[in-house]
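Trainee: The structure follows.
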Amino acid sequence: MPAELSGEINGATLKIVQGDITKQTTEAIVNAANSSLMGGGGVDGAIHRAGGPAILEECRRIVAEQGRLPPGKAVITTGGNLKARYVIHTVGPVWHGGSHGEEATLASAYRESLNLAAARNISSISFPSISTGAYGYPVAEAAPVALKTVADFLRKAKSSLKEVVFVLYDSTTFEAYARAFREITSKSG
Ligand code: ADP
């Protein structure tokens, strides 16, 4: 069974796949960074390793100019050696039990990334599952927030974005997103 689901919203494709985001050919990929923008473990480390030093160089410049990146915000750099032309770096919330604004911050991380992509006229973008690794956000709760935020963005107005892909690394994460995806698409008919 192919680990892939997709649907259409307002002329754009929303897709979930299982795979490695560093291999994606979308115009931009999103990094689940931390506020220092200096790289780290998980998907952040994988993106910097695959993309090379040009990404870190631009991240350094951004932090020197505007300081650390707050959770829920996003910035854009080159994709360096990646197939993707751009990396959008965003910071998700650290999970502290769910009553500390985690959901709003997670939605903001997705929305700000999409806004930045649209402002740059980007047509396709891949997201990892933000905050559900080291940051501890339960994936069953994060998946519907992630998918709803993207679906709402696409529904609200047509933008340059014609393809949004969630690239989920492991099968547990993929299954959580698949469940949320089916729920959202069954509700909207
Ligand atoms: P956070 O700190 O935001 O929780 P992590 O990188 O620790 O970020 O984890 C976020 C998700 O990214 C996890 O589901 C993890 O398995 C996944 N991940 C790790 N490496 C990759 C990769 N190369 N491509 C896509 N997803 C990845």
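As shown in the structure tokens, the chain order sets the letters A, B, ...; within each chain, residues go from 1, and ligands are also counted from 1 in the order they appear.
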List the neighbours of region 15-20 of chain A out to 7 Å using only C-alpha atoms; skip same-chain residues closer than 6 positions along the sequence, and give me the result as a PyMOL selection string.

Mentor: chain A and resi 3-7+164-171+174

Trainee: Could you give me, as a PyMOL selection string, every polymer residue with an atom at most 6 Å away from an atom of ligand 1, counting only C-alpha atoms and all ligand atoms?

Mentor: chain A and resi 20-22+32+42-44+46+92+128-136+167-169

Trainee: Output all heavy atoms of each residue in that selection to a file, as a compact mmCIF listing (two decimals), in the first residue's frame.

Mentor:
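So again.txt came out as:
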```
# COMPACT_ATOMS: atom_id res chain seq x y z
N ASP A 20 11.54 11.32 3.45
CA ASP A 20 12.61 12.16 3.99
C ASP A 20 12.49 13.54 3.34
O ASP A 20 12.60 13.67 2.12
CB ASP A 20 13.96 11.52 3.63
CG ASP A 20 15.15 12.32 4.11
OD1 ASP A 20 15.00 13.50 4.50
OD2 ASP A 20 16.26 11.75 4.07
N ILE A 21 12.27 14.57 4.13
CA ILE A 21 12.01 15.90 3.58
C ILE A 21 13.22 16.47 2.85
O ILE A 21 13.07 17.29 1.94
CB ILE A 21 11.50 16.87 4.70
CG1 ILE A 21 10.74 18.05 4.07
CG2 ILE A 21 12.63 17.34 5.61
CD1 ILE A 21 9.93 18.85 5.05
N THR A 22 14.42 16.02 3.20
CA THR A 22 15.62 16.57 2.53
C THR A 22 15.70 16.15 1.06
O THR A 22 16.47 16.70 0.29
CB THR A 22 16.93 16.13 3.24
OG1 THR A 22 17.07 14.71 3.10
CG2 THR A 22 16.93 16.51 4.70
N ALA A 32 11.79 22.40 10.96
CA ALA A 32 11.37 22.55 12.35
C ALA A 32 12.62 22.91 13.15
O ALA A 32 13.29 22.05 13.71
CB ALA A 32 10.75 21.25 12.85
N GLY A 42 17.33 15.89 14.91
CA GLY A 42 16.10 15.63 14.17
C GLY A 42 16.15 16.17 12.76
O GLY A 42 17.19 16.13 12.08
N VAL A 43 15.01 16.68 12.31
CA VAL A 43 14.89 17.14 10.93
C VAL A 43 15.80 18.35 10.67
O VAL A 43 16.34 18.52 9.58
CB VAL A 43 13.41 17.40 10.59
CG1 VAL A 43 12.86 18.61 11.28
CG2 VAL A 43 13.21 17.48 9.09
N ASP A 44 16.00 19.16 11.69
CA ASP A 44 16.88 20.35 11.60
C ASP A 44 18.30 19.93 11.22
O ASP A 44 18.90 20.45 10.25
CB ASP A 44 16.86 21.03 12.97
CG ASP A 44 17.43 22.44 12.96
OD1 ASP A 44 17.78 22.94 11.87
OD2 ASP A 44 17.53 23.04 14.05
N ALA A 46 19.22 17.11 9.88
CA ALA A 46 19.21 16.44 8.57
C ALA A 46 19.22 17.49 7.44
O ALA A 46 19.93 17.33 6.44
CB ALA A 46 17.98 15.54 8.45
N GLY A 92 8.41 25.61 16.30
CA GLY A 92 7.16 25.17 16.91
C GLY A 92 7.23 25.32 18.42
O GLY A 92 8.27 25.66 18.98
N PRO A 128 7.58 19.19 7.52
CA PRO A 128 7.71 18.01 8.40
C PRO A 128 6.63 18.11 9.48
O PRO A 128 5.85 19.08 9.48
CB PRO A 128 9.09 18.24 9.02
CG PRO A 128 9.18 19.73 9.17
CD PRO A 128 8.38 20.32 8.01
N SER A 129 6.58 17.17 10.35
CA SER A 129 5.64 17.24 11.48
C SER A 129 6.29 18.07 12.59
O SER A 129 7.04 17.56 13.43
CB SER A 129 5.32 15.83 11.97
OG SER A 129 4.47 15.90 13.08
N ILE A 130 5.98 19.37 12.58
CA ILE A 130 6.62 20.32 13.50
C ILE A 130 6.25 19.98 14.95
O ILE A 130 5.08 19.69 15.24
CB ILE A 130 6.18 21.76 13.15
CG1 ILE A 130 6.65 22.14 11.73
CG2 ILE A 130 6.70 22.77 14.18
CD1 ILE A 130 6.02 23.42 11.19
N SER A 131 7.23 20.02 15.83
CA SER A 131 7.08 19.89 17.29
C SER A 131 6.83 18.48 17.83
O SER A 131 6.81 18.29 19.03
CB SER A 131 5.98 20.81 17.86
OG SER A 131 6.43 22.14 17.94
N THR A 132 6.64 17.48 16.94
CA THR A 132 6.26 16.16 17.48
C THR A 132 7.45 15.24 17.74
O THR A 132 7.27 14.08 18.09
CB THR A 132 5.25 15.44 16.55
OG1 THR A 132 5.88 15.15 15.29
CG2 THR A 132 4.03 16.29 16.31
N GLY A 133 8.67 15.77 17.56
CA GLY A 133 9.86 14.99 17.91
C GLY A 133 10.37 15.42 19.26
O GLY A 133 9.71 15.23 20.29
N ALA A 134 11.54 16.05 19.26
CA ALA A 134 12.18 16.49 20.51
C ALA A 134 11.29 17.44 21.32
O ALA A 134 11.39 17.49 22.55
CB ALA A 134 13.51 17.16 20.19
N TYR A 135 10.41 18.19 20.65
CA TYR A 135 9.58 19.17 21.36
C TYR A 135 8.35 18.55 22.03
O TYR A 135 7.64 19.23 22.75
CB TYR A 135 9.18 20.32 20.43
CG TYR A 135 10.25 21.38 20.26
CD1 TYR A 135 11.53 21.19 20.76
CD2 TYR A 135 10.00 22.59 19.61
CE1 TYR A 135 12.52 22.15 20.62
CE2 TYR A 135 10.98 23.56 19.46
CZ TYR A 135 12.24 23.33 19.96
OH TYR A 135 13.21 24.30 19.82
N GLY A 136 8.11 17.25 21.78
CA GLY A 136 7.18 16.48 22.61
C GLY A 136 5.69 16.67 22.40
O GLY A 136 4.89 16.19 23.20
N VAL A 167 5.60 15.71 4.72
CA VAL A 167 6.53 14.59 4.55
C VAL A 167 6.81 14.01 5.92
O VAL A 167 7.52 14.61 6.74
CB VAL A 167 7.82 15.05 3.86
CG1 VAL A 167 8.74 13.85 3.62
CG2 VAL A 167 7.50 15.72 2.53
N LEU A 168 6.20 12.87 6.19
CA LEU A 168 6.27 12.26 7.52
C LEU A 168 7.30 11.14 7.51
O LEU A 168 7.27 10.27 6.64
CB LEU A 168 4.88 11.74 7.92
CG LEU A 168 3.77 12.78 8.14
CD1 LEU A 168 4.30 14.12 8.62
CD2 LEU A 168 2.86 12.94 6.97
N TYR A 169 8.17 11.20 8.48
CA TYR A 169 9.37 10.36 8.47
C TYR A 169 9.09 8.90 8.82
O TYR A 169 9.62 8.01 8.20
CB TYR A 169 10.35 10.95 9.48
CG TYR A 169 11.79 10.59 9.23
CD1 TYR A 169 12.36 10.73 7.97
CD2 TYR A 169 12.60 10.15 10.27
CE1 TYR A 169 13.69 10.45 7.75
CE2 TYR A 169 13.93 9.87 10.06
CZ TYR A 169 14.47 10.01 8.80
OH TYR A 169 15.79 9.73 8.58
```

Trainee: If we count only C-alpha atoms, what is near Gly45 (chain A) at a cut-off of 12 Å, once residues fewer than 3 positions away on the same chain are taken out, given as a PyMOL selection string?

Mentor: chain A and resi 21-22+31-34+37-42+48-53+55-56

Trainee: Just the residues within 12 Å of Gly97 (chain A), please, counting only C-alpha atoms, with nothing from its chain fewer than 4 positions along; format it as an NGL selection string.

Mentor: :A and (93 or 101-103 or 135-138 or 141)

Trainee: State, in Å with one decimal place, the distance from CA of Thr185 (chain A) to CA of Lys162 (chain A).

Mentor: 17.8 Å

Trainee: Can you list, as a list in words, all residues belonging to region 24-154 of chain A that DSSP tags as strand (DSSP E or B)?

Mentor: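 Residues of region 24-154 of chain A classed as strand (DSSP E or B): Ala28, Ile29, Val30, Asn31, Ala32, Ala33, Ala74, Val75, Ile76, Thr77, Thr78, Tyr86, Val87, Ile88, His89, Thr90, Val91, Ser124, Ile125, Ser126 and Phe127 of chain A.
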